[in-house]
>>> print(open('target_35.txt').read())   # compact mmCIF, C-alpha atoms
# COMPACT_ATOMS: atom_id res chain seq x y z
CA MET A 1 -11.41 -32.42 -32.96
CA GLU A 2 -8.23 -30.48 -33.62
CA PHE A 3 -5.67 -29.61 -30.99
CA LEU A 4 -4.12 -26.23 -31.73
CA GLN A 5 -1.01 -25.30 -29.79
CA PRO A 6 0.25 -21.80 -30.58
CA ARG A 7 3.66 -20.72 -29.26
CA SER A 8 3.04 -16.97 -29.30
CA LEU A 9 0.16 -14.53 -28.98
CA PRO A 10 0.16 -13.54 -32.67
CA GLU A 11 0.04 -17.23 -33.58
CA ALA A 12 -2.79 -17.83 -31.10
CA LEU A 13 -4.81 -14.91 -32.53
CA ALA A 14 -4.22 -16.13 -36.09
CA MET A 15 -5.43 -19.60 -35.11
CA LYS A 16 -8.52 -18.18 -33.38
CA ALA A 17 -9.33 -16.16 -36.51
CA GLU A 18 -8.95 -19.23 -38.68
CA HIS A 19 -10.90 -21.44 -36.27
CA PRO A 20 -13.51 -19.15 -34.68
CA ALA A 21 -15.27 -22.14 -33.09
CA ALA A 22 -12.08 -23.28 -31.35
CA MET A 23 -12.45 -23.42 -27.57
CA PRO A 24 -9.59 -21.69 -25.76
CA ILE A 25 -8.20 -23.85 -22.96
CA ALA A 26 -5.74 -22.77 -20.28
CA GLY A 27 -6.17 -24.50 -16.91
CA GLY A 28 -8.90 -26.75 -18.27
CA THR A 29 -10.81 -26.62 -15.00
CA ASP A 30 -14.05 -25.70 -16.79
CA VAL A 31 -13.41 -26.83 -20.36
CA MET A 32 -12.24 -30.35 -19.52
CA VAL A 33 -15.21 -30.96 -17.23
CA GLU A 34 -17.53 -30.25 -20.16
CA ILE A 35 -15.52 -32.49 -22.48
CA ASN A 36 -15.23 -35.30 -19.93
CA PHE A 37 -19.01 -35.24 -19.46
CA ASP A 38 -19.74 -34.99 -23.16
CA ALA A 39 -21.46 -31.66 -22.60
CA ARG A 40 -19.30 -29.98 -25.25
CA ARG A 41 -17.51 -31.18 -28.34
CA PRO A 42 -15.67 -28.17 -29.78
CA ASP A 43 -14.26 -28.45 -33.30
CA ALA A 44 -10.90 -27.58 -31.85
CA LEU A 45 -9.12 -26.89 -28.60
CA LEU A 46 -6.82 -23.86 -28.61
CA ASP A 47 -4.23 -24.54 -25.90
CA LEU A 48 -2.86 -21.31 -24.45
CA ASN A 49 -0.36 -22.91 -22.05
CA GLN A 50 2.59 -22.32 -24.41
CA VAL A 51 1.76 -18.63 -24.97
CA THR A 52 4.18 -17.18 -22.46
CA GLU A 53 3.00 -13.58 -23.03
CA LEU A 54 -0.31 -14.50 -21.39
CA ALA A 55 1.25 -15.93 -18.24
CA ARG A 56 2.90 -12.71 -17.07
CA TRP A 57 1.80 -9.78 -14.95
CA ALA A 58 3.49 -6.42 -14.69
CA ALA A 59 2.95 -2.81 -13.67
CA ASP A 60 1.55 -0.81 -16.60
CA GLY A 61 1.52 2.90 -15.81
CA GLY A 62 -0.50 3.20 -12.63
CA LEU A 63 -2.26 -0.10 -13.31
CA LEU A 64 -1.43 -3.76 -13.04
CA ARG A 65 -1.69 -5.74 -16.24
CA ILE A 66 -2.44 -9.35 -15.35
CA GLY A 67 -2.08 -11.81 -18.22
CA ALA A 68 -5.08 -14.00 -18.92
CA CYS A 69 -3.19 -17.18 -18.05
CA VAL A 70 -2.06 -16.11 -14.58
CA THR A 71 -3.37 -18.79 -12.21
CA TYR A 72 -5.36 -18.36 -9.02
CA ALA A 73 -2.37 -19.73 -7.10
CA ARG A 74 -0.22 -16.91 -8.49
CA LEU A 75 -2.87 -14.26 -7.74
CA ILE A 76 -2.65 -15.44 -4.13
CA GLY A 77 1.11 -15.87 -3.97
CA GLU A 78 2.26 -12.87 -5.99
CA LEU A 79 -0.50 -10.25 -5.91
CA GLY A 80 -1.94 -10.47 -2.39
CA GLY A 81 -0.27 -7.20 -1.41
CA ALA A 82 -1.33 -5.11 -4.40
CA LEU A 83 -4.77 -6.68 -4.82
CA PRO A 84 -5.93 -8.17 -1.52
CA SER A 85 -9.54 -8.76 -2.55
CA LEU A 86 -8.56 -10.52 -5.77
CA ALA A 87 -6.28 -12.79 -3.77
CA MET A 88 -9.07 -13.45 -1.27
CA ALA A 89 -11.43 -14.39 -4.09
CA ALA A 90 -8.83 -16.62 -5.71
CA ARG A 91 -8.31 -18.31 -2.37
CA THR A 92 -11.96 -19.44 -2.36
CA VAL A 93 -11.73 -21.13 -5.77
CA GLY A 94 -11.89 -24.93 -5.76
CA SER A 95 -8.95 -26.73 -4.22
CA PRO A 96 -5.17 -26.26 -4.34
CA GLN A 97 -5.02 -28.44 -7.45
CA ILE A 98 -7.68 -26.31 -9.15
CA ARG A 99 -6.01 -23.05 -8.10
CA ASN A 100 -2.72 -24.34 -9.54
CA ARG A 101 -4.33 -24.63 -12.99
CA GLY A 102 -7.33 -22.31 -13.23
CA THR A 103 -6.69 -18.81 -14.58
CA ILE A 104 -8.19 -15.34 -14.30
CA GLY A 105 -8.77 -15.29 -18.06
CA GLY A 106 -10.54 -18.63 -17.91
CA ASN A 107 -12.79 -17.34 -15.15
CA LEU A 108 -13.75 -14.40 -17.37
CA GLY A 109 -14.11 -16.50 -20.50
CA ALA A 110 -16.51 -18.92 -18.79
CA ALA A 111 -18.46 -15.85 -17.58
CA SER A 112 -20.34 -17.82 -14.95
CA PRO A 113 -22.54 -15.57 -12.81
CA ALA A 114 -20.82 -17.34 -9.89
CA GLY A 115 -17.24 -16.78 -11.07
CA ASP A 116 -15.24 -15.82 -7.99
CA CYS A 117 -13.00 -13.16 -9.56
CA HIS A 118 -15.90 -11.27 -11.10
CA PRO A 119 -17.24 -9.35 -8.07
CA VAL A 120 -13.71 -8.13 -7.34
CA LEU A 121 -13.06 -7.08 -10.92
CA LEU A 122 -16.34 -5.15 -10.92
CA ALA A 123 -15.65 -3.54 -7.54
CA CYS A 124 -12.17 -2.45 -8.62
CA GLY A 125 -13.32 -1.13 -11.98
CA ALA A 126 -11.07 -3.54 -13.84
CA VAL A 127 -10.90 -3.60 -17.62
CA VAL A 128 -10.74 -6.74 -19.75
CA GLU A 129 -8.25 -6.55 -22.60
CA ALA A 130 -9.24 -8.57 -25.66
CA ALA A 131 -7.37 -8.99 -28.93
CA SER A 132 -7.94 -10.24 -32.43
CA SER A 133 -5.55 -10.53 -35.34
CA ALA A 134 -7.84 -8.40 -37.54
CA ARG A 135 -8.60 -5.50 -35.21
CA GLY A 136 -5.85 -5.51 -32.62
CA THR A 137 -6.49 -4.86 -28.96
CA ARG A 138 -9.56 -3.36 -27.31
CA GLN A 139 -10.48 -2.70 -23.71
CA ILE A 140 -13.83 -3.75 -22.27
CA PRO A 141 -14.90 -2.48 -18.82
CA THR A 142 -15.77 -5.51 -16.69
CA ALA A 143 -19.30 -4.18 -16.20
CA GLN A 144 -19.83 -4.44 -19.96
CA PHE A 145 -17.99 -7.72 -20.41
CA PHE A 146 -20.69 -9.97 -18.94
CA THR A 147 -23.67 -10.07 -21.29
CA GLY A 148 -25.65 -12.94 -19.77
CA PRO A 149 -25.27 -16.24 -17.92
CA LYS A 150 -22.06 -17.79 -19.29
CA ARG A 151 -22.00 -15.21 -22.08
CA ASN A 152 -19.47 -12.47 -22.62
CA ALA A 153 -18.71 -9.64 -25.02
CA LEU A 154 -15.92 -11.42 -26.93
CA ALA A 155 -16.16 -11.75 -30.69
CA ALA A 156 -15.53 -15.18 -32.20
CA ASP A 157 -12.04 -14.23 -33.34
CA GLU A 158 -11.01 -12.66 -30.03
CA LEU A 159 -9.05 -13.94 -27.07
CA ILE A 160 -8.83 -12.43 -23.60
CA THR A 161 -5.25 -11.26 -23.25
CA ALA A 162 -5.17 -9.50 -19.88
CA VAL A 163 -6.99 -7.77 -17.06
CA LEU A 164 -6.05 -4.16 -16.30
CA ILE A 165 -6.66 -3.24 -12.70
CA ARG A 166 -5.62 -0.48 -10.33
CA PRO A 167 -3.70 -1.64 -7.24
CA ALA A 168 -5.69 -1.27 -4.04
CA ALA A 169 -5.86 2.37 -2.95
CA GLY A 170 -7.41 1.40 0.38
CA PRO A 171 -8.85 -1.57 2.22
CA GLN A 172 -10.62 -4.26 0.21
CA GLN A 173 -12.67 -7.33 1.05
CA PHE A 174 -14.23 -10.34 -0.60
CA ALA A 175 -16.70 -12.66 1.10
CA LYS A 176 -18.51 -15.70 -0.23
CA ILE A 177 -21.26 -17.98 1.04
CA GLY A 178 -20.94 -21.71 0.44
CA THR A 179 -21.69 -25.00 2.12
CA ARG A 180 -18.08 -25.60 3.13
CA ASN A 181 -14.84 -23.66 3.12
CA ALA A 182 -13.47 -25.38 0.02
CA MET A 183 -14.61 -26.72 -3.31
CA VAL A 184 -17.81 -24.71 -3.47
CA ILE A 185 -19.56 -22.68 -6.09
CA ALA A 186 -20.74 -19.46 -4.50
CA VAL A 187 -24.31 -19.27 -3.23
CA CYS A 188 -23.58 -15.56 -3.32
CA ALA A 189 -20.48 -13.41 -3.02
CA PHE A 190 -19.64 -9.77 -2.45
CA ALA A 191 -16.56 -7.63 -3.03
CA LEU A 192 -15.86 -4.14 -1.69
CA ASP A 193 -13.15 -1.64 -2.63
CA LEU A 194 -12.72 1.48 -0.49
CA ARG A 195 -10.62 4.33 -1.92
CA PRO A 196 -9.77 6.84 0.83
CA PRO A 197 -9.48 10.43 -0.38
CA ARG A 198 -5.74 10.82 -0.76
CA PRO A 199 -3.66 12.03 -3.65
CA GLU A 200 -4.07 8.66 -5.37
CA ALA A 201 -7.78 8.10 -4.71
CA ASP A 202 -10.99 10.07 -4.61
CA GLY A 203 -13.09 8.79 -1.71
CA SER A 204 -15.23 6.64 -3.99
CA VAL A 205 -16.16 3.01 -3.33
CA GLY A 206 -16.66 0.01 -5.58
CA THR A 207 -18.92 -3.01 -5.17
CA GLY A 208 -19.41 -6.34 -6.89
CA ILE A 209 -22.14 -8.94 -6.40
CA GLY A 210 -21.62 -12.55 -7.47
CA SER A 211 -23.99 -15.43 -8.02
CA ALA A 212 -27.11 -13.36 -7.43
CA GLY A 213 -28.17 -12.34 -10.92
CA PRO A 214 -27.83 -13.37 -14.55
CA THR A 215 -24.43 -11.70 -14.56
CA PRO A 216 -22.14 -10.39 -11.83
CA LEU A 217 -23.52 -6.99 -10.80
CA ARG A 218 -22.47 -3.69 -9.30
CA ALA A 219 -24.61 -2.08 -6.63
CA ASP A 220 -24.58 1.48 -8.00
CA GLU A 221 -26.97 3.03 -5.50
CA ALA A 222 -25.13 1.42 -2.58
CA GLU A 223 -21.84 2.81 -3.90
CA GLU A 224 -23.21 6.35 -4.16
CA PHE A 225 -24.82 6.14 -0.73
CA LEU A 226 -21.65 4.89 0.90
CA ALA A 227 -19.28 7.33 -0.79
CA ALA A 228 -21.49 10.22 0.37
CA GLU A 229 -21.77 8.84 3.91
CA LEU A 230 -18.02 8.22 4.22
CA SER A 231 -17.14 11.69 2.99
CA GLY A 232 -15.85 13.61 5.98
CA ARG A 233 -15.58 10.50 8.16
CA TRP A 234 -12.32 9.11 6.78
CA THR A 235 -10.09 10.66 9.40
CA ALA A 236 -12.55 10.24 12.27
CA PRO A 237 -11.67 7.41 14.63
CA GLY A 238 -13.89 4.48 15.50
CA PRO A 239 -16.32 2.20 13.70
CA LEU A 240 -19.17 3.26 11.45
CA PRO A 241 -22.63 3.69 12.99
CA GLU A 242 -24.71 0.55 12.73
CA PRO A 243 -27.65 2.18 10.85
CA LEU A 244 -25.19 3.19 8.12
CA THR A 245 -23.75 -0.30 7.62
CA ARG A 246 -27.25 -1.79 7.75
CA ARG A 247 -28.54 0.63 5.11
CA PHE A 248 -25.57 -0.19 2.90
CA GLY A 249 -26.42 -3.88 3.23
CA GLN A 250 -30.04 -3.20 2.27
CA LEU A 251 -29.00 -1.28 -0.83
CA VAL A 252 -26.63 -4.05 -1.90
CA ALA A 253 -29.37 -6.65 -1.42
CA ALA A 254 -31.74 -4.48 -3.45
CA ALA A 255 -29.28 -4.36 -6.35
CA ALA A 256 -29.16 -8.16 -6.63
CA ARG A 257 -31.36 -10.01 -9.11
CA PRO A 258 -31.20 -13.53 -7.70
CA ILE A 259 -33.22 -16.62 -8.60
CA ASP A 260 -34.12 -19.76 -6.66
CA ASP A 261 -31.85 -22.63 -7.68
CA VAL A 262 -30.19 -25.75 -6.28
CA ARG A 263 -27.68 -23.73 -4.28
CA GLY A 264 -30.11 -21.38 -2.56
CA THR A 265 -33.27 -19.34 -2.77
CA ALA A 266 -33.50 -15.80 -4.03
CA ALA A 267 -34.66 -14.63 -0.61
CA TYR A 268 -31.71 -16.29 1.12
CA ARG A 269 -29.29 -14.77 -1.36
CA ARG A 270 -30.65 -11.27 -0.80
CA HIS A 271 -30.49 -11.67 2.96
CA ALA A 272 -26.99 -13.15 2.86
CA LEU A 273 -25.77 -10.34 0.60
CA SER A 274 -27.05 -7.72 3.02
CA VAL A 275 -25.07 -9.45 5.77
CA LEU A 276 -21.92 -9.84 3.64
CA ALA A 277 -22.12 -6.18 2.60
CA ARG A 278 -22.52 -5.00 6.17
CA ARG A 279 -19.67 -7.19 7.44
CA THR A 280 -17.23 -6.42 4.64
CA LEU A 281 -17.91 -2.71 5.15
CA SER A 282 -17.08 -2.99 8.85
CA TRP A 283 -13.96 -5.05 8.13
CA THR A 284 -12.64 -2.66 5.51
CA TRP A 285 -13.50 0.46 7.48
CA ASN A 286 -11.84 -0.82 10.63
CA ALA A 287 -8.74 -1.77 8.60
CA ARG A 288 -8.30 1.68 7.05
CA GLY A 289 -4.82 2.97 7.60
CA GLU A 290 -3.43 -0.56 8.01
CA ARG A 291 -1.26 -2.25 5.45
CA GLN A 292 -3.17 -5.19 4.04
CA CYS A 293 -1.96 -8.37 2.39
CA ALA A 294 -4.28 -11.24 1.65
CA MET B 1 -2.30 -37.42 -32.19
CA ARG B 2 0.97 -38.36 -30.57
CA VAL B 3 1.86 -37.06 -27.12
CA SER B 4 5.41 -37.30 -25.80
CA MET B 5 6.26 -36.47 -22.23
CA THR B 6 8.47 -37.57 -19.38
CA VAL B 7 6.57 -39.82 -17.01
CA ASN B 8 8.22 -40.68 -13.70
CA GLY B 9 11.58 -39.76 -15.20
CA GLU B 10 11.21 -41.88 -18.37
CA PRO B 11 10.69 -40.38 -21.83
CA THR B 12 7.29 -41.74 -22.88
CA THR B 13 5.13 -41.54 -25.98
CA ALA B 14 1.42 -42.25 -26.40
CA ASP B 15 -0.06 -42.68 -29.88
CA ASP B 16 -3.60 -42.35 -31.23
CA VAL B 17 -4.54 -39.94 -28.46
CA TRP B 18 -7.90 -38.27 -29.05
CA GLU B 19 -7.58 -34.48 -28.93
CA GLY B 20 -10.19 -34.13 -26.18
CA GLU B 21 -8.67 -36.85 -24.04
CA SER B 22 -7.42 -36.11 -20.53
CA LEU B 23 -3.93 -36.71 -19.24
CA LEU B 24 -5.54 -39.09 -16.75
CA TYR B 25 -6.92 -41.27 -19.55
CA VAL B 26 -3.53 -41.35 -21.26
CA LEU B 27 -1.78 -42.37 -18.05
CA ARG B 28 -4.27 -45.09 -17.14
CA GLU B 29 -5.43 -46.49 -20.45
CA ARG B 30 -2.51 -45.88 -22.81
CA LEU B 31 0.54 -45.99 -20.57
CA GLY B 32 -0.57 -48.69 -18.12
CA LEU B 33 -0.27 -46.51 -15.04
CA PRO B 34 -3.52 -47.06 -13.11
CA GLY B 35 -2.26 -45.56 -9.84
CA SER B 36 -3.94 -42.21 -10.54
CA LYS B 37 -7.62 -42.95 -9.99
CA ASN B 38 -10.50 -41.99 -12.23
CA ALA B 39 -13.46 -40.96 -10.10
CA CYS B 40 -15.27 -37.66 -10.56
CA GLU B 41 -13.67 -36.43 -13.82
CA GLN B 42 -14.44 -32.86 -12.75
CA GLY B 43 -11.68 -31.89 -10.33
CA GLU B 44 -13.83 -32.39 -7.24
CA CYS B 45 -12.22 -35.45 -5.67
CA GLY B 46 -8.45 -35.16 -6.15
CA SER B 47 -8.03 -38.92 -6.77
CA CYS B 48 -6.12 -38.26 -9.99
CA THR B 49 -3.61 -35.79 -8.50
CA VAL B 50 -0.23 -35.87 -10.27
CA LEU B 51 2.66 -33.44 -10.57
CA LEU B 52 2.81 -31.66 -13.93
CA ASP B 53 6.12 -29.83 -14.25
CA ASP B 54 6.33 -30.09 -10.47
CA ILE B 55 2.90 -28.56 -9.81
CA ALA B 56 0.08 -30.62 -8.25
CA VAL B 57 -2.86 -30.85 -10.64
CA CYS B 58 -5.90 -32.98 -11.32
CA ALA B 59 -4.87 -35.12 -14.30
CA CYS B 60 -8.53 -35.40 -15.36
CA LEU B 61 -8.58 -31.65 -16.14
CA VAL B 62 -5.35 -31.52 -18.15
CA ALA B 63 -5.90 -32.07 -21.86
CA ALA B 64 -3.45 -34.73 -22.99
CA GLY B 65 -1.89 -32.39 -25.54
CA GLN B 66 -1.15 -29.88 -22.79
CA ALA B 67 1.28 -32.42 -21.31
CA GLN B 68 3.32 -32.54 -24.53
CA GLY B 69 6.98 -32.06 -23.67
CA ARG B 70 6.28 -31.79 -19.95
CA ALA B 71 7.30 -33.86 -16.93
CA VAL B 72 4.64 -35.87 -15.13
CA VAL B 73 5.09 -37.65 -11.81
CA THR B 74 2.42 -40.12 -10.73
CA VAL B 75 2.09 -42.12 -7.53
CA GLU B 76 3.97 -44.93 -9.30
CA GLY B 77 7.00 -42.62 -9.41
CA LEU B 78 7.31 -42.03 -5.68
CA ALA B 79 8.81 -45.31 -4.47
CA GLY B 80 12.54 -45.93 -4.86
CA GLN B 81 13.96 -48.06 -7.67
CA ASP B 82 14.37 -50.92 -5.19
CA GLY B 83 10.73 -50.74 -4.21
CA THR B 84 11.32 -48.89 -0.96
CA LEU B 85 8.18 -46.91 -0.28
CA HIS B 86 8.28 -43.13 -0.10
CA PRO B 87 7.98 -41.90 3.52
CA VAL B 88 4.50 -40.56 2.78
CA GLN B 89 3.40 -43.95 1.45
CA GLN B 90 4.87 -45.76 4.45
CA ALA B 91 3.20 -43.32 6.85
CA PHE B 92 -0.22 -43.91 5.26
CA ILE B 93 0.22 -47.65 5.86
CA ASP B 94 1.57 -47.29 9.38
CA ALA B 95 -1.14 -44.83 10.46
CA GLY B 96 -3.97 -46.96 9.07
CA ALA B 97 -4.95 -44.19 6.68
CA VAL B 98 -5.94 -46.58 3.90
CA GLN B 99 -9.31 -48.30 3.81
CA CYS B 100 -10.73 -48.91 0.34
CA GLY B 101 -7.65 -47.17 -1.02
CA PHE B 102 -9.29 -45.39 -3.92
CA CYS B 103 -8.47 -41.88 -2.70
CA THR B 104 -5.05 -42.86 -1.40
CA PRO B 105 -2.86 -42.16 -4.46
CA GLY B 106 -4.26 -38.65 -4.77
CA LEU B 107 -3.87 -37.97 -1.07
CA ILE B 108 -0.31 -39.28 -1.15
CA MET B 109 0.61 -37.07 -4.10
CA GLN B 110 -0.96 -34.04 -2.48
CA THR B 111 0.71 -34.79 0.87
CA HIS B 112 4.02 -35.24 -0.92
CA ASP B 113 3.49 -31.85 -2.55
CA LEU B 114 2.79 -30.29 0.86
CA LEU B 115 5.72 -31.84 2.72
CA ARG B 116 8.38 -31.27 0.09
CA SER B 117 7.64 -27.54 0.12
CA ALA B 118 6.88 -27.14 3.83
CA SER B 119 9.35 -25.39 6.05
CA GLY B 120 9.16 -27.38 9.26
CA THR B 121 6.17 -29.47 10.25
CA PRO B 122 2.92 -28.08 8.82
CA CYS B 123 0.17 -27.18 11.27
CA ASP B 124 -3.21 -28.89 11.09
CA ALA B 125 -4.80 -25.90 9.40
CA ASP B 126 -2.19 -26.05 6.63
CA ILE B 127 -2.70 -29.81 6.22
CA ARG B 128 -6.47 -29.46 6.02
CA GLU B 129 -6.17 -26.59 3.59
CA ARG B 130 -3.82 -28.50 1.30
CA LEU B 131 -5.98 -31.65 1.35
CA ALA B 132 -9.31 -29.80 0.97
CA GLY B 133 -9.68 -31.02 -2.61
CA ASN B 134 -9.09 -34.71 -1.86
CA LEU B 135 -12.22 -36.61 -0.86
CA CYS B 136 -12.22 -39.83 1.19
CA ARG B 137 -15.51 -41.59 1.87
CA CYS B 138 -14.15 -44.26 4.24
CA THR B 139 -11.83 -42.93 6.88
CA GLY B 140 -13.37 -39.78 8.26
CA TYR B 141 -9.95 -38.20 7.59
CA GLU B 142 -8.57 -38.55 11.13
CA LYS B 143 -6.18 -41.37 10.20
CA ILE B 144 -5.19 -39.45 7.09
CA LEU B 145 -4.26 -36.44 9.20
CA ASP B 146 -2.34 -38.81 11.50
CA ALA B 147 -0.47 -40.15 8.47
CA VAL B 148 0.47 -36.68 7.26
CA ARG B 149 1.73 -35.71 10.72
CA LEU B 150 3.68 -38.99 10.95
CA ALA B 151 5.25 -38.52 7.52
CA ALA B 152 6.12 -34.91 8.36
CA ALA B 153 7.78 -35.91 11.61
CA ARG B 154 9.74 -38.74 10.00
CA MET B 155 10.85 -36.62 7.05
CA ALA B 156 11.89 -33.79 9.38
CA SER B 157 13.94 -36.15 11.52
CA THR B 158 15.71 -37.76 8.56
CA GLY B 159 16.05 -34.55 6.57
CA GLU B 160 14.30 -36.04 3.53
>>> encode(input="target_35.txt", output="structure tokens")
Amino acid sequence: MEFLQPRSLPEALAMKAEHPAAMPIAGGTDVMVEINFDARRPDALLDLNQVTELARWAADGGLLRIGACVTYARLIGELGGALPSLAMAARTVGSPQIRNRGTIGGNLGAASPAGDCHPVLLACGAVVEAASSARGTRQIPTAQFFTGPKRNALAADELITAVLIRPAAGPQQFAKIGTRNAMVIAVCAFALDLRPPRPEADGSVGTGIGSAGPTPLRADEAEEFLAAELSGRWTAPGPLPEPLTRRFGQLVAAAARPIDDVRGTAAYRRHALSVLARRTLSWTWNARGERQCA
Amino acid sequence: MRVSMTVNGEPTTADDVWEGESLLYVLRERLGLPGSKNACEQGECGSCTVLLDDIAVCACLVAAGQAQGRAVVTVEGLAGQDGTLHPVQQAFIDAGAVQCGFCTPGLIMQTHDLLRSASGTPCDADIRERLAGNLCRCTGYEKILDAVRLAAARMASTGE
């Protein structure tokens, strides 16, 4: 095994092109588990910890550009105001030690159907930025990034460089089912992004389903239903009618493609998603007009 | 490969390190520092918690080469030069928070990380949150929580 330790992004991309089988490693919270358990023996490890360009986030036009090596702990500590649901999702990852090391780019690279950032990135319409030394940078919508269980759209010579995401235009939520409130892989998870019709948003909504399909999924029909139902209600006081929230939950559950596995049954996942969707809708709706920081 | 880092304040070099080896393996098997425990090897148990450039991490999930040039503090680095135990270590003894002792180094490192950054005495929710990734199969955690509260109170009163 080789240990490659680039000091800059161009050097990292050159190394990835020269060693297409090299496994990128940042926090190591997935990669080292596989190596420790002899489940993977890559020809090379490509350590991204020294590539400082990847560890930054900054405003980029109207978007936030979050470097691939920004950790979960930093998503919580530094971006909870701009991206509450991403911070909420990061908060549910592993333990403090894991959140200190694991990164948003690593979550995407592993492309687990249960990855905690994924439902949020889908709901917010985030874009994955990938780069190669031969072809430069390209942008991949999150919905097209996940191609199957633990598979993604990256070419062998590409690295994830950043996530481009719009700051919250309205209330957001993330909710996850697990057996305890720490150290759990999601049984299922759901993210919701409401965008009130103001100059900066258009009254649309975004959804993301985790751990209930071969890839993270959006609930397109639920989004269209909800955006239409919310139109005209935004300035009205009070909670949403219960039949509306229940129907939204049913449409989210219908969009899932879960299987039975060790963490839960398909039927349980569908039911739990309908509950999470209904609850997150009530929470976000009732928080509209408030300033939110996760 | 060779990995050079600062361990508990001392410049240290390990040779013949395999590229897929963890920092935990280097500490225990190459540098003779068995305080960090090797249990789950997948970041679930927290027994191998160390500070890497002042950040609490599971040493089993850090590739050895990623520690090159960095500063590592293990449980062996907490006591004073004269052997005086760190207040967190003393509190774990005094509160009866140690049974088999296997999880103790990780819990002590994680508690140290909590208390050095806490403003005032942390509440129980904060303690539980910070220790959520450290498993103990003996104590039922109550004595561990007692130890953290005791250490917090002592450190607050002495200004440590």
>>> closest_atom_pairs(input="target_35.txt", of="chain A", to="chain B", cutoff="7 Å", atoms="all atoms listed in the file", output="JSON lines")
{"residue": "A:Met1", "atom": "CA", "partner": "B:Glu19", "partner_atom": "CA", "distance": 5.9}
{"residue": "A:Glu2", "atom": "CA", "partner": "B:Glu19", "partner_atom": "CA", "distance": 6.2}
{"residue": "A:Phe3", "atom": "CA", "partner": "B:Glu19", "partner_atom": "CA", "distance": 5.6}
{"residue": "A:Gly28", "atom": "CA", "partner": "B:Leu61", "partner_atom": "CA", "distance": 5.4}
{"residue": "A:Thr29", "atom": "CA", "partner": "B:Leu61", "partner_atom": "CA", "distance": 5.6}
{"residue": "A:Met32", "atom": "CA", "partner": "B:Leu61", "partner_atom": "CA", "distance": 5.1}
{"residue": "A:Val33", "atom": "CA", "partner": "B:Gln42", "partner_atom": "CA", "distance": 4.9}
{"residue": "A:Ile35", "atom": "CA", "partner": "B:Gly20", "partner_atom": "CA", "distance": 6.7}
{"residue": "A:Asn36", "atom": "CA", "partner": "B:Glu41", "partner_atom": "CA", "distance": 6.4}
{"residue": "A:Asp47", "atom": "CA", "partner": "B:Gln66", "partner_atom": "CA", "distance": 6.9}
{"residue": "A:Ser95", "atom": "CA", "partner": "B:Gly133", "partner_atom": "CA", "distance": 4.6}
{"residue": "A:Pro96", "atom": "CA", "partner": "B:Arg130", "partner_atom": "CA", "distance": 6.2}
{"residue": "A:Gln97", "atom": "CA", "partner": "B:Val57", "partner_atom": "CA", "distance": 4.5}
{"residue": "A:Ile98", "atom": "CA", "partner": "B:Val57", "partner_atom": "CA", "distance": 6.8}
{"residue": "A:Asn100", "atom": "CA", "partner": "B:Val57", "partner_atom": "CA", "distance": 6.6}
{"residue": "A:Arg101", "atom": "CA", "partner": "B:Val57", "partner_atom": "CA", "distance": 6.8}
{"residue": "A:Ala182", "atom": "CA", "partner": "B:Ala132", "partner_atom": "CA", "distance": 6.1}
{"residue": "A:Met183", "atom": "CA", "partner": "B:Gly133", "partner_atom": "CA", "distance": 6.6}
>>> residues_around(input="target_35.txt", residues="A:Ala87", least_positions_apart="2", cutoff="12 Å", atoms="all atoms listed in the file", output="MDAnalysis selection string")
chainID A and resid 71:85 89:93 99 104 116:117 120:121 167:168 172:175 191 292:294
>>> residues_around(input="target_35.txt", residues="A:Ser274", least_positions_apart="2", cutoff="9 Å", atoms="all atoms listed in the file", output="VMD selection string")
chain A and resid 246 to 254 269 to 272 276 to 279
>>> write_last_selection(input="target_35.txt", atoms="C-alpha atoms", output="compact mmCIF listing (two decimals), in the frame of the given file")
# COMPACT_ATOMS: atom_id res chain seq x y z
CA ARG A 246 -27.25 -1.79 7.75
CA ARG A 247 -28.54 0.63 5.11
CA PHE A 248 -25.57 -0.19 2.90
CA GLY A 249 -26.42 -3.88 3.23
CA GLN A 250 -30.04 -3.20 2.27
CA LEU A 251 -29.00 -1.28 -0.83
CA VAL A 252 -26.63 -4.05 -1.90
CA ALA A 253 -29.37 -6.65 -1.42
CA ALA A 254 -31.74 -4.48 -3.45
CA ARG A 269 -29.29 -14.77 -1.36
CA ARG A 270 -30.65 -11.27 -0.80
CA HIS A 271 -30.49 -11.67 2.96
CA ALA A 272 -26.99 -13.15 2.86
CA LEU A 276 -21.92 -9.84 3.64
CA ALA A 277 -22.12 -6.18 2.60
CA ARG A 278 -22.52 -5.00 6.17
CA ARG A 279 -19.67 -7.19 7.44
>>> axis_aligned_box(input="target_35.txt", around="stretch 12-24 of chain A", padding_each_side="8 Å", output="JSON")
{"center_x": -9.0, "center_y": -19.2, "center_z": -32.2, "size_x": 28.5, "size_y": 24.5, "size_z": 28.9}
>>> residues_around(input="target_35.txt", residues="A:Phe146", least_positions_apart="6", cutoff="12 Å", atoms="all atoms listed in the file", output="JSON, numbers by chain")
{"A": [107, 108, 109, 110, 111, 112, 113, 114, 115, 118, 119, 121, 122, 127, 128, 140, 152, 153, 154, 210, 213, 214, 215, 216, 217, 218]}
>>> residues_near_point(input="target_35.txt", point="(-17.0, -15.2, -30.0)", cutoff="12 Å", atoms="all atoms listed in the file", output="NGL selection string")
:A and (16-17 or 19-24 or 109-110 or 130-132 or 151-160)
>>> closest_residue(input="target_35.txt", among="B:Asp146, B:Asp113, B:Glu76, B:Asp16", to="B:Leu33", atoms="all atoms listed in the file")
B:Glu76
>>> atom_distance(input="target_35.txt", atom1="atom CA of A:Trp234", atom2="atom CA of A:Asp220")
20.7 Å
